[in-house]
>>> print(open('my_file.txt').read())   # compact mmCIF, C-alpha atoms and all ligand atoms
# COMPACT_ATOMS: atom_id res chain seq x y z
CA MET Z 1 118.71 96.22 93.98
CA THR Z 2 121.50 98.77 93.32
CA SER Z 3 121.50 102.05 95.25
CA ASP Z 4 121.15 103.93 91.92
CA LEU Z 5 117.93 102.04 91.15
CA LYS Z 6 116.66 102.65 94.70
CA ARG Z 7 117.27 106.40 94.31
CA GLU Z 8 115.62 106.45 90.89
CA LEU Z 9 112.57 104.56 92.23
CA MET Z 10 112.17 107.06 95.09
CA ALA Z 11 112.20 109.95 92.62
CA ARG Z 12 109.65 108.16 90.39
CA LYS Z 13 107.47 107.44 93.42
CA GLU Z 14 107.36 111.17 94.25
CA ARG Z 15 106.33 111.88 90.64
CA MET Z 16 103.60 109.22 90.94
CA LEU Z 17 102.29 110.93 94.10
CA THR Z 18 102.29 114.46 92.72
CA ASP Z 19 101.47 113.93 89.03
CA HIS Z 20 99.50 110.67 88.81
CA LEU Z 21 97.64 110.73 92.14
CA ALA Z 22 97.29 114.20 93.72
CA GLY Z 23 97.49 115.77 90.24
CA ARG Z 24 94.47 113.73 89.11
CA GLY Z 25 92.34 114.46 92.15
CA ILE Z 26 93.22 111.92 94.86
CA ARG Z 27 92.67 113.96 98.03
CA ASP Z 28 92.44 111.44 100.90
CA GLY Z 29 95.56 112.06 103.02
CA ALA Z 30 95.62 108.52 104.44
CA VAL Z 31 95.51 107.03 100.94
CA LEU Z 32 98.33 109.28 99.69
CA LYS Z 33 100.41 108.46 102.79
CA ALA Z 34 99.86 104.73 102.30
CA MET Z 35 100.77 104.97 98.59
CA ARG Z 36 104.02 106.67 99.65
CA GLU Z 37 104.80 104.03 102.30
CA VAL Z 38 104.12 100.82 100.40
CA PRO Z 39 107.05 99.76 98.15
CA ARG Z 40 105.25 98.74 94.92
CA GLU Z 41 108.56 97.33 93.59
CA SER Z 42 108.42 94.61 96.29
CA PHE Z 43 105.20 93.26 94.70
CA LEU Z 44 106.68 92.87 91.21
CA PRO Z 45 108.79 90.15 89.58
CA PRO Z 46 112.55 91.09 89.69
CA GLU Z 47 112.76 92.04 86.00
CA MET Z 48 109.88 94.53 86.35
CA LYS Z 49 110.86 96.37 89.52
CA PHE Z 50 112.22 99.35 87.58
CA LEU Z 51 108.69 99.93 86.20
CA ALA Z 52 107.11 100.06 89.68
CA TYR Z 53 106.01 103.71 89.56
CA GLU Z 54 104.95 103.89 85.91
CA ASP Z 55 101.42 105.14 85.33
CA GLY Z 56 99.83 101.84 84.31
CA PRO Z 57 98.94 98.25 85.20
CA LEU Z 58 101.71 95.63 84.90
CA LEU Z 59 101.68 91.91 84.20
CA ILE Z 60 102.45 89.70 87.19
CA GLN Z 61 102.47 85.89 87.36
CA GLU Z 62 99.66 83.59 86.13
CA GLY Z 63 98.66 86.08 83.38
CA GLN Z 64 97.20 88.49 85.97
CA THR Z 65 97.92 92.17 86.57
CA ILE Z 66 98.83 94.57 89.35
CA SER Z 67 96.49 97.54 88.86
CA GLN Z 68 97.53 101.06 87.84
CA PRO Z 69 98.54 103.03 90.99
CA TYR Z 70 95.94 105.72 90.26
CA ILE Z 71 93.15 103.12 90.12
CA VAL Z 72 94.32 101.51 93.37
CA ALA Z 73 94.25 104.92 95.08
CA TYR Z 74 90.92 105.88 93.47
CA MET Z 75 89.15 102.66 94.53
CA ILE Z 76 90.47 102.85 98.09
CA GLU Z 77 89.50 106.53 98.34
CA ALA Z 78 86.02 105.56 97.10
CA LEU Z 79 85.66 103.25 100.12
CA GLU Z 80 85.73 106.39 102.33
CA LEU Z 81 87.75 104.76 105.10
CA GLY Z 82 88.45 106.43 108.44
CA GLY Z 83 90.95 103.83 109.70
CA ALA Z 84 88.79 101.69 112.02
CA GLU Z 85 87.08 99.54 109.36
CA ARG Z 86 87.11 95.86 108.46
CA VAL Z 87 87.61 95.56 104.72
CA LEU Z 88 87.27 92.66 102.30
CA GLU Z 89 89.25 92.68 99.07
CA ILE Z 90 88.41 90.26 96.25
CA GLY Z 91 91.41 89.61 93.96
CA THR Z 92 94.60 89.63 96.06
CA GLY Z 93 96.89 89.34 93.01
CA SER Z 94 100.34 90.53 94.11
CA GLY Z 95 99.05 91.76 97.50
CA TYR Z 96 99.90 95.40 96.70
CA ALA Z 97 96.39 96.87 97.11
CA ALA Z 98 95.93 94.80 100.28
CA ALA Z 99 99.09 96.40 101.70
CA VAL Z 100 97.83 99.91 100.85
CA LEU Z 101 94.43 99.03 102.36
CA SER Z 102 96.08 97.72 105.52
CA LEU Z 103 97.41 101.22 106.24
CA CYS Z 104 93.96 102.80 105.72
CA ALA Z 105 91.79 100.33 107.70
CA ALA Z 106 91.95 98.26 110.89
CA GLU Z 107 91.68 94.78 109.35
CA VAL Z 108 91.91 93.51 105.79
CA PHE Z 109 90.64 90.16 104.52
CA THR Z 110 91.63 89.34 100.96
CA VAL Z 111 90.57 86.46 98.71
CA GLU Z 112 92.41 85.11 95.64
CA ARG Z 113 91.30 82.17 93.46
CA LEU Z 114 94.76 81.25 92.10
CA SER Z 115 96.84 79.33 94.62
CA TYR Z 116 100.26 80.48 93.37
CA LEU Z 117 99.23 84.13 93.75
CA ALA Z 118 97.50 83.63 97.13
CA CYS Z 119 100.55 81.82 98.59
CA SER Z 120 103.14 84.25 97.27
CA ALA Z 121 101.10 87.31 98.31
CA GLU Z 122 100.63 85.88 101.79
CA GLU Z 123 104.37 85.25 102.16
CA ARG Z 124 105.27 88.71 100.76
CA LEU Z 125 102.81 90.53 103.03
CA ARG Z 126 104.15 88.64 106.06
CA GLU Z 127 107.79 89.39 105.17
CA LEU Z 128 107.00 93.08 104.68
CA GLY Z 129 105.24 93.22 108.07
CA TYR Z 130 101.59 93.86 107.08
CA ARG Z 131 100.17 92.02 110.08
CA ASN Z 132 96.51 93.08 109.79
CA VAL Z 133 96.01 91.34 106.41
CA THR Z 134 94.66 87.78 106.12
CA VAL Z 135 94.80 86.01 102.75
CA HIS Z 136 92.34 83.31 101.77
CA LEU Z 137 92.43 80.98 98.76
CA GLY Z 138 88.94 80.61 97.29
CA ASP Z 139 86.20 81.94 95.07
CA GLY Z 140 85.85 85.59 96.09
CA THR Z 141 82.52 85.95 94.27
CA LEU Z 142 81.15 84.20 97.36
CA GLY Z 143 82.88 86.70 99.65
CA TRP Z 144 84.24 85.44 102.96
CA PRO Z 145 81.16 84.99 105.17
CA GLU Z 146 83.13 83.90 108.28
CA HIS Z 147 84.42 87.45 108.86
CA ALA Z 148 81.35 89.38 107.62
CA PRO Z 149 79.92 91.97 107.86
CA TYR Z 150 82.46 94.34 106.27
CA ASP Z 151 82.48 98.14 106.36
CA GLY Z 152 84.14 98.15 102.96
CA ILE Z 153 84.39 95.63 100.11
CA VAL Z 154 86.58 96.23 97.06
CA VAL Z 155 86.65 93.94 94.04
CA THR Z 156 89.70 94.22 91.79
CA ALA Z 157 88.40 92.16 88.85
CA GLY Z 158 85.47 92.86 86.51
CA ALA Z 159 82.10 91.22 87.28
CA PRO Z 160 79.12 90.73 84.93
CA GLU Z 161 76.89 92.05 87.74
CA VAL Z 162 77.13 92.89 91.45
CA PRO Z 163 77.18 89.52 93.31
CA ASP Z 164 74.30 89.30 95.82
CA THR Z 165 76.68 87.34 98.09
CA LEU Z 166 78.87 90.44 98.50
CA LEU Z 167 75.87 92.71 99.14
CA GLU Z 168 74.76 90.34 101.90
CA GLN Z 169 78.18 90.72 103.59
CA LEU Z 170 78.13 94.53 103.54
CA ALA Z 171 77.49 96.16 106.94
CA PRO Z 172 74.89 98.95 107.37
CA GLY Z 173 76.67 102.16 106.33
CA GLY Z 174 79.22 100.08 104.34
CA ARG Z 175 80.53 100.70 100.80
CA LEU Z 176 81.18 98.16 98.02
CA VAL Z 177 83.36 99.26 95.09
CA ILE Z 178 83.30 96.94 92.07
CA PRO Z 179 83.93 97.04 88.29
CA VAL Z 180 80.78 95.81 86.50
CA GLY Z 181 80.33 95.29 82.76
CA ARG Z 182 78.80 93.15 80.06
CA SER Z 183 82.18 92.69 78.40
CA GLN Z 184 84.87 90.67 80.20
CA HIS Z 185 87.45 93.46 79.79
CA LEU Z 186 85.58 96.78 79.94
CA GLN Z 187 83.56 97.89 82.94
CA GLU Z 188 81.99 100.77 84.85
CA LEU Z 189 83.28 101.23 88.38
CA VAL Z 190 80.23 101.09 90.65
CA ARG Z 191 79.91 102.05 94.31
CA VAL Z 192 77.06 100.50 96.30
CA ARG Z 193 76.26 101.99 99.67
CA ARG Z 194 74.16 100.15 102.24
CA LEU Z 195 72.26 102.85 104.12
CA ASP Z 196 71.74 102.45 107.87
CA GLY Z 197 68.15 101.31 107.18
CA GLY Z 198 69.46 98.51 104.91
CA GLU Z 199 68.48 100.12 101.57
CA LEU Z 200 71.11 100.03 98.75
CA ARG Z 201 72.25 103.11 96.77
CA TYR Z 202 74.14 102.62 93.48
CA GLU Z 203 76.52 105.17 91.90
CA GLU Z 204 78.54 104.89 88.68
CA LEU Z 205 82.03 106.36 89.22
CA CYS Z 206 84.04 105.97 85.98
CA GLY Z 207 84.96 103.60 83.14
CA VAL Z 208 87.67 101.03 83.93
CA ARG Z 209 89.40 97.99 82.40
CA PHE Z 210 90.03 94.97 84.64
CA VAL Z 211 90.76 91.25 84.19
CA PRO Z 212 87.56 89.17 84.59
CA LEU Z 213 86.19 88.06 87.96
CA ILE Z 214 85.87 84.31 87.52
CA GLY Z 215 83.65 82.23 89.78
CA ALA Z 216 80.19 81.06 90.79
CA LYS Z 217 78.82 84.64 90.81
CA GLY Z 218 81.20 85.96 88.17
CA TRP Z 219 82.26 84.89 84.68
CA GLY Z 220 82.64 81.20 83.77
CA ASP Z 221 86.15 79.68 83.70
N1 LIG Y 1 94.64 93.71 93.82
C1 LIG Y 1 95.68 93.11 93.03
C2 LIG Y 1 97.04 93.70 93.30
O1 LIG Y 1 97.15 94.68 94.05
O2 LIG Y 1 98.02 93.14 92.77
C3 LIG Y 1 95.39 93.14 91.55
C4 LIG Y 1 94.34 92.18 91.21
S1 LIG Y 1 94.24 91.63 89.56
C5 LIG Y 1 93.76 93.06 88.68
C6 LIG Y 1 92.73 90.68 89.72
C7 LIG Y 1 92.89 89.43 90.54
O3 LIG Y 1 91.58 88.89 90.77
C8 LIG Y 1 93.70 88.34 89.88
O4 LIG Y 1 94.76 87.95 90.71
C9 LIG Y 1 92.69 87.20 89.70
O5 LIG Y 1 93.25 85.90 89.82
C10 LIG Y 1 91.72 87.50 90.82
N2 LIG Y 1 90.40 86.89 90.72
C11 LIG Y 1 89.60 86.74 89.62
N3 LIG Y 1 88.46 86.13 89.97
C12 LIG Y 1 88.51 85.90 91.30
C13 LIG Y 1 87.64 85.30 92.25
N4 LIG Y 1 86.45 84.79 91.93
N5 LIG Y 1 88.03 85.24 93.54
C14 LIG Y 1 89.23 85.73 93.92
N6 LIG Y 1 90.11 86.30 93.08
C15 LIG Y 1 89.75 86.39 91.78
>>> encode(input="my_file.txt", output="structure tokens", more="lines below")
Ligand code: SAM
Amino acid sequence: MTSDLKRELMARKERMLTDHLAGRGIRDGAVLKAMREVPRESFLPPEMKFLAYEDGPLLIQEGQTISQPYIVAYMIEALELGGAERVLEIGTGSGYAAAVLSLCAAEVFTVERLSYLACSAEERLRELGYRNVTVHLGDGTLGWPEHAPYDGIVVTAGAPEVPDTLLEQLAPGGRLVIPVGRSQHLQELVRVRRLDGGELRYEELCGVRFVPLIGAKGWGD
């Protein structure tokens, strides 16, 4: 990357932080700090790096997307992390959100169903030094029971309904943030909180647009 492009990306990143994140209500200092630290350009194909701090999702490999920076920040803020949590992410994609999460939580487990994406994200996260992230290839609608329970679970693809498997892996006091909708491409972002007594509380946060969550407890292939 040329030094001119590096300088331009740093300026665009500052604009992302002030205009697209803080300017739209992201308040969690740890999330803003992580969004400043993680180089989104390193998670994009070479020809798209110059778009890294644009205010939108971008196409990555395998017909999938890296989510809009604002949505990444919003979903992580909605997990209400203090830094000591174990978090499960479903939908590793490029690994970008996992990297941001890794700076806001103690341990991150992330599941991707497409092997090319899982392998390249794992390699990228290792090269960039995100040591508290573990990538798993599999059907994330089933969660990752071996490491459960989780204090936070975030799903970055749209589900037809909240998978019971993920609810079972949510710790008392934990939060699950997931796009849910009857259409494969239009959802409501839902937060489910497991109260200390075990009871579940559902909240609708906002309308979102994600690629479909495909699997045993998601949409069919
Ligand atoms: N978090 C990603 C990032 O930062 O680049 C963006 C994720 S992209 C919007 C959604 C991802 O979910 C895709 O990579 C897709 O292959 C994956 N996905 C869909 N269904 C899945 C499933 N059942 N288990 C795991 N991953 C799944």
>>> closest_atom_pairs(input="my_file.txt", of="chain Z", to="ligand LIG 1 (chain Y)", cutoff="6 Å", atoms="all atoms listed in the file", output="CSV")
residue,atom,partner,partner_atom,distance
Z:Gln64,CA,Y:LIG1,C8,5.2
Z:Thr65,CA,Y:LIG1,C5,4.7
Z:Ile66,CA,Y:LIG1,O2,3.8
Z:Ser67,CA,Y:LIG1,C5,5.2
Z:Ile90,CA,Y:LIG1,C14,5.2
Z:Gly91,CA,Y:LIG1,O3,3.3
Z:Thr92,CA,Y:LIG1,N1,4.7
Z:Gly93,CA,Y:LIG1,O4,3.4
Z:Ser94,CA,Y:LIG1,O2,3.7
Z:Gly95,CA,Y:LIG1,O1,4.9
Z:Tyr96,CA,Y:LIG1,O1,3.9
Z:Ala97,CA,Y:LIG1,O1,3.8
Z:Val111,CA,Y:LIG1,C14,5.0
Z:Glu112,CA,Y:LIG1,N6,3.6
Z:Arg113,CA,Y:LIG1,C14,4.1
Z:Leu114,CA,Y:LIG1,O5,5.4
Z:Asp139,CA,Y:LIG1,N5,4.1
Z:Gly140,CA,Y:LIG1,N5,3.4
Z:Thr141,CA,Y:LIG1,N4,4.7
Z:Thr156,CA,Y:LIG1,C6,5.1
Z:Ala157,CA,Y:LIG1,C6,4.7
Z:Phe210,CA,Y:LIG1,C5,5.8
Z:Val211,CA,Y:LIG1,C5,5.7
Z:Pro212,CA,Y:LIG1,C11,5.9
Z:Leu213,CA,Y:LIG1,N3,3.6
Z:Ile214,CA,Y:LIG1,N3,4.0
Z:Gly215,CA,Y:LIG1,N4,4.4
>>> closest_atom_pairs(input="my_file.txt", of="stretch 29-85 of chain Z", to="stretch 195-209 of chain Z", cutoff="10 Å", atoms="only C-alpha atoms", output="CSV")
residue,atom,partner,partner_atom,distance
Z:Pro57,CA,Z:Arg209,CA,9.9
Z:Ser67,CA,Z:Arg209,CA,9.6
Z:Ile71,CA,Z:Val208,CA,8.5
Z:Tyr74,CA,Z:Leu205,CA,9.9
Z:Met75,CA,Z:Leu205,CA,9.6
Z:Ala78,CA,Z:Leu205,CA,8.9
>>> atom_distance(input="my_file.txt", atom1="atom CA of Z:Trp144", atom2="atom CA of Z:Leu88")
7.9 Å
>>> closest_residue(input="my_file.txt", among="Z:Val87, Z:Ala73, Z:Ala34, Z:Leu5", to="Z:Leu51", atoms="only C-alpha atoms")
Z:Leu5
>>> atom_distance(input="my_file.txt", atom1="atom CA of Z:Pro179", atom2="atom CA of Z:Lys49")
27.0 Å
>>> atom_distance(input="my_file.txt", atom1="atom CA of Z:Gln169", atom2="atom CA of Z:Cys119")
24.6 Å
>>> closest_residue(input="my_file.txt", among="Z:Leu79, Z:Leu170, Z:Leu137, Z:Leu59", to="Z:Val190", atoms="all atoms listed in the file")
Z:Leu79
>>> closest_residue(input="my_file.txt", among="Z:Met1, Z:Glu77, Z:Ala118, Z:Thr18", to="Z:Pro46", atoms="only C-alpha atoms")
Z:Met1
>>> residues_near_point(input="my_file.txt", point="(97.3, 93.4, 104.8)", cutoff="8 Å", atoms="all atoms listed in the file", output="ChimeraX atom specification")
/Z:95,98-103,107-110,125,130-134
>>> closest_residue(input="my_file.txt", among="Z:Trp219, Z:Tyr116, Z:Tyr70, Z:Phe50", to="Z:Val162", atoms="all atoms listed in the file")
Z:Trp219
>>> closest_residue(input="my_file.txt", among="Z:Ala121, Z:Gln184, Z:Ala159, Z:Gly152", to="Z:Ala171", atoms="all atoms listed in the file")
Z:Gly152
>>> closest_residue(input="my_file.txt", among="Z:Ala105, Z:Leu58, Z:Ile76, Z:Ala52", to="Z:Glu8", atoms="all atoms listed in the file")
Z:Ala52
>>> axis_aligned_box(input="my_file.txt", around="stretch 121-129 of chain Z", padding_each_side="6 Å", output="JSON")
{"center_x": 104.2, "center_y": 89.2, "center_z": 103.2, "size_x": 19.2, "size_y": 20.0, "size_z": 21.8}
>>> decode(input="my_file.txt", residues="stretch 24-144 of chain Z", atoms="C-alpha atoms", output="compact mmCIF listing (two decimals), in the first residue's frame")
# COMPACT_ATOMS: atom_id res chain seq x y z
CA ARG Z 24 -24.81 8.33 15.25
CA GLY Z 25 -24.82 7.52 18.94
CA ILE Z 26 -22.12 4.90 19.59
CA ARG Z 27 -21.01 5.80 23.11
CA ASP Z 28 -19.09 2.76 24.44
CA GLY Z 29 -15.47 3.94 24.78
CA ALA Z 30 -14.02 0.43 24.44
CA VAL Z 31 -15.94 -0.14 21.19
CA LEU Z 32 -14.81 3.19 19.72
CA LYS Z 33 -11.20 2.47 20.76
CA ALA Z 34 -11.34 -0.99 19.16
CA MET Z 35 -12.84 0.43 15.95
CA ARG Z 36 -9.92 2.88 15.82
CA GLU Z 37 -7.31 0.15 16.44
CA VAL Z 38 -8.47 -2.56 14.03
CA PRO Z 39 -7.31 -1.93 10.42
CA ARG Z 40 -10.48 -2.75 8.42
CA GLU Z 41 -8.44 -2.53 5.19
CA SER Z 42 -6.52 -5.67 6.26
CA PHE Z 43 -9.79 -7.66 6.10
CA LEU Z 44 -10.62 -6.66 2.52
CA PRO Z 45 -9.48 -7.99 -0.87
CA PRO Z 46 -6.60 -5.83 -2.28
CA GLU Z 47 -8.76 -4.02 -4.86
CA MET Z 48 -11.23 -2.88 -2.16
CA LYS Z 49 -8.87 -1.61 0.52
CA PHE Z 50 -9.41 2.03 -0.47
CA LEU Z 51 -13.11 1.61 0.45
CA ALA Z 52 -12.33 0.34 3.97
CA TYR Z 53 -13.84 3.29 5.88
CA GLU Z 54 -16.86 3.93 3.66
CA ASP Z 55 -20.20 3.93 5.46
CA GLY Z 56 -21.54 0.62 4.16
CA PRO Z 57 -21.14 -3.15 3.87
CA LEU Z 58 -18.72 -4.46 1.21
CA LEU Z 59 -18.56 -7.67 -0.78
CA ILE Z 60 -15.84 -10.10 0.26
CA GLN Z 61 -15.12 -13.58 -1.13
CA GLU Z 62 -17.71 -16.37 -1.60
CA GLY Z 63 -20.52 -13.83 -2.23
CA GLN Z 64 -20.52 -12.78 1.45
CA THR Z 65 -20.18 -9.33 3.02
CA ILE Z 66 -18.20 -7.49 5.66
CA SER Z 67 -20.80 -5.53 7.62
CA GLN Z 68 -21.14 -1.74 7.72
CA PRO Z 69 -18.79 -0.34 10.42
CA TYR Z 70 -21.71 1.34 12.22
CA ILE Z 71 -23.59 -1.97 12.47
CA VAL Z 72 -20.48 -3.77 13.75
CA ALA Z 73 -20.07 -1.12 16.47
CA TYR Z 74 -23.81 -1.06 17.26
CA MET Z 75 -24.06 -4.85 17.68
CA ILE Z 76 -20.95 -5.04 19.85
CA GLU Z 77 -22.15 -2.12 21.98
CA ALA Z 78 -25.48 -3.94 22.37
CA LEU Z 79 -23.62 -6.88 23.96
CA GLU Z 80 -22.75 -4.53 26.88
CA LEU Z 81 -19.26 -5.93 27.36
CA GLY Z 82 -16.99 -4.96 30.25
CA GLY Z 83 -13.86 -6.71 28.95
CA ALA Z 84 -13.86 -9.96 30.96
CA GLU Z 85 -16.45 -11.89 28.91
CA ARG Z 86 -16.37 -15.00 26.74
CA VAL Z 87 -18.13 -14.21 23.49
CA LEU Z 88 -19.38 -16.39 20.65
CA GLU Z 89 -19.73 -14.90 17.17
CA ILE Z 90 -21.67 -16.73 14.45
CA GLY Z 91 -20.55 -15.71 10.94
CA THR Z 92 -16.78 -15.05 10.98
CA GLY Z 93 -16.74 -13.77 7.38
CA SER Z 94 -13.55 -11.72 6.98
CA GLY Z 95 -12.76 -11.87 10.72
CA TYR Z 96 -13.13 -8.08 11.13
CA ALA Z 97 -15.90 -8.10 13.77
CA ALA Z 98 -14.06 -10.89 15.63
CA ALA Z 99 -10.98 -8.65 15.79
CA VAL Z 100 -13.03 -5.73 17.15
CA LEU Z 101 -14.69 -8.09 19.65
CA SER Z 102 -11.30 -9.43 20.75
CA LEU Z 103 -10.39 -5.95 22.04
CA CYS Z 104 -13.67 -5.64 23.98
CA ALA Z 105 -13.83 -9.11 25.60
CA ALA Z 106 -11.48 -11.68 27.16
CA GLU Z 107 -12.05 -14.55 24.73
CA VAL Z 108 -13.78 -14.78 21.36
CA PHE Z 109 -15.00 -17.97 19.69
CA THR Z 110 -16.20 -17.51 16.12
CA VAL Z 111 -17.91 -19.98 13.77
CA GLU Z 112 -18.06 -19.82 9.95
CA ARG Z 113 -19.76 -22.36 7.66
CA LEU Z 114 -17.68 -21.64 4.52
CA SER Z 115 -14.24 -23.22 4.67
CA TYR Z 116 -12.45 -20.67 2.46
CA LEU Z 117 -13.62 -17.83 4.71
CA ALA Z 118 -12.92 -19.69 7.98
CA CYS Z 119 -9.35 -20.58 6.87
CA SER Z 120 -8.47 -17.15 5.53
CA ALA Z 121 -9.95 -15.35 8.56
CA GLU Z 122 -8.04 -17.63 10.91
CA GLU Z 123 -4.77 -16.95 9.09
CA ARG Z 124 -5.42 -13.18 8.93
CA LEU Z 125 -6.32 -12.94 12.63
CA ARG Z 126 -3.17 -14.88 13.56
CA GLU Z 127 -0.94 -12.70 11.35
CA LEU Z 128 -2.44 -9.53 12.83
CA GLY Z 129 -1.84 -10.83 16.38
CA TYR Z 130 -5.42 -11.32 17.68
CA ARG Z 131 -4.48 -14.19 19.98
CA ASN Z 132 -7.71 -14.48 21.99
CA VAL Z 133 -9.83 -15.43 18.94
CA THR Z 134 -10.50 -19.06 17.98
CA VAL Z 135 -12.10 -19.82 14.60
CA HIS Z 136 -14.21 -22.91 14.00
CA LEU Z 137 -15.54 -24.28 10.71
CA GLY Z 138 -19.11 -25.51 11.17
CA ASP Z 139 -22.80 -24.76 11.35
CA GLY Z 140 -23.06 -21.83 13.75
CA THR Z 141 -26.81 -22.26 14.15
CA LEU Z 142 -25.80 -25.06 16.52
CA GLY Z 143 -23.47 -22.72 18.41
CA TRP Z 144 -20.24 -24.15 19.79
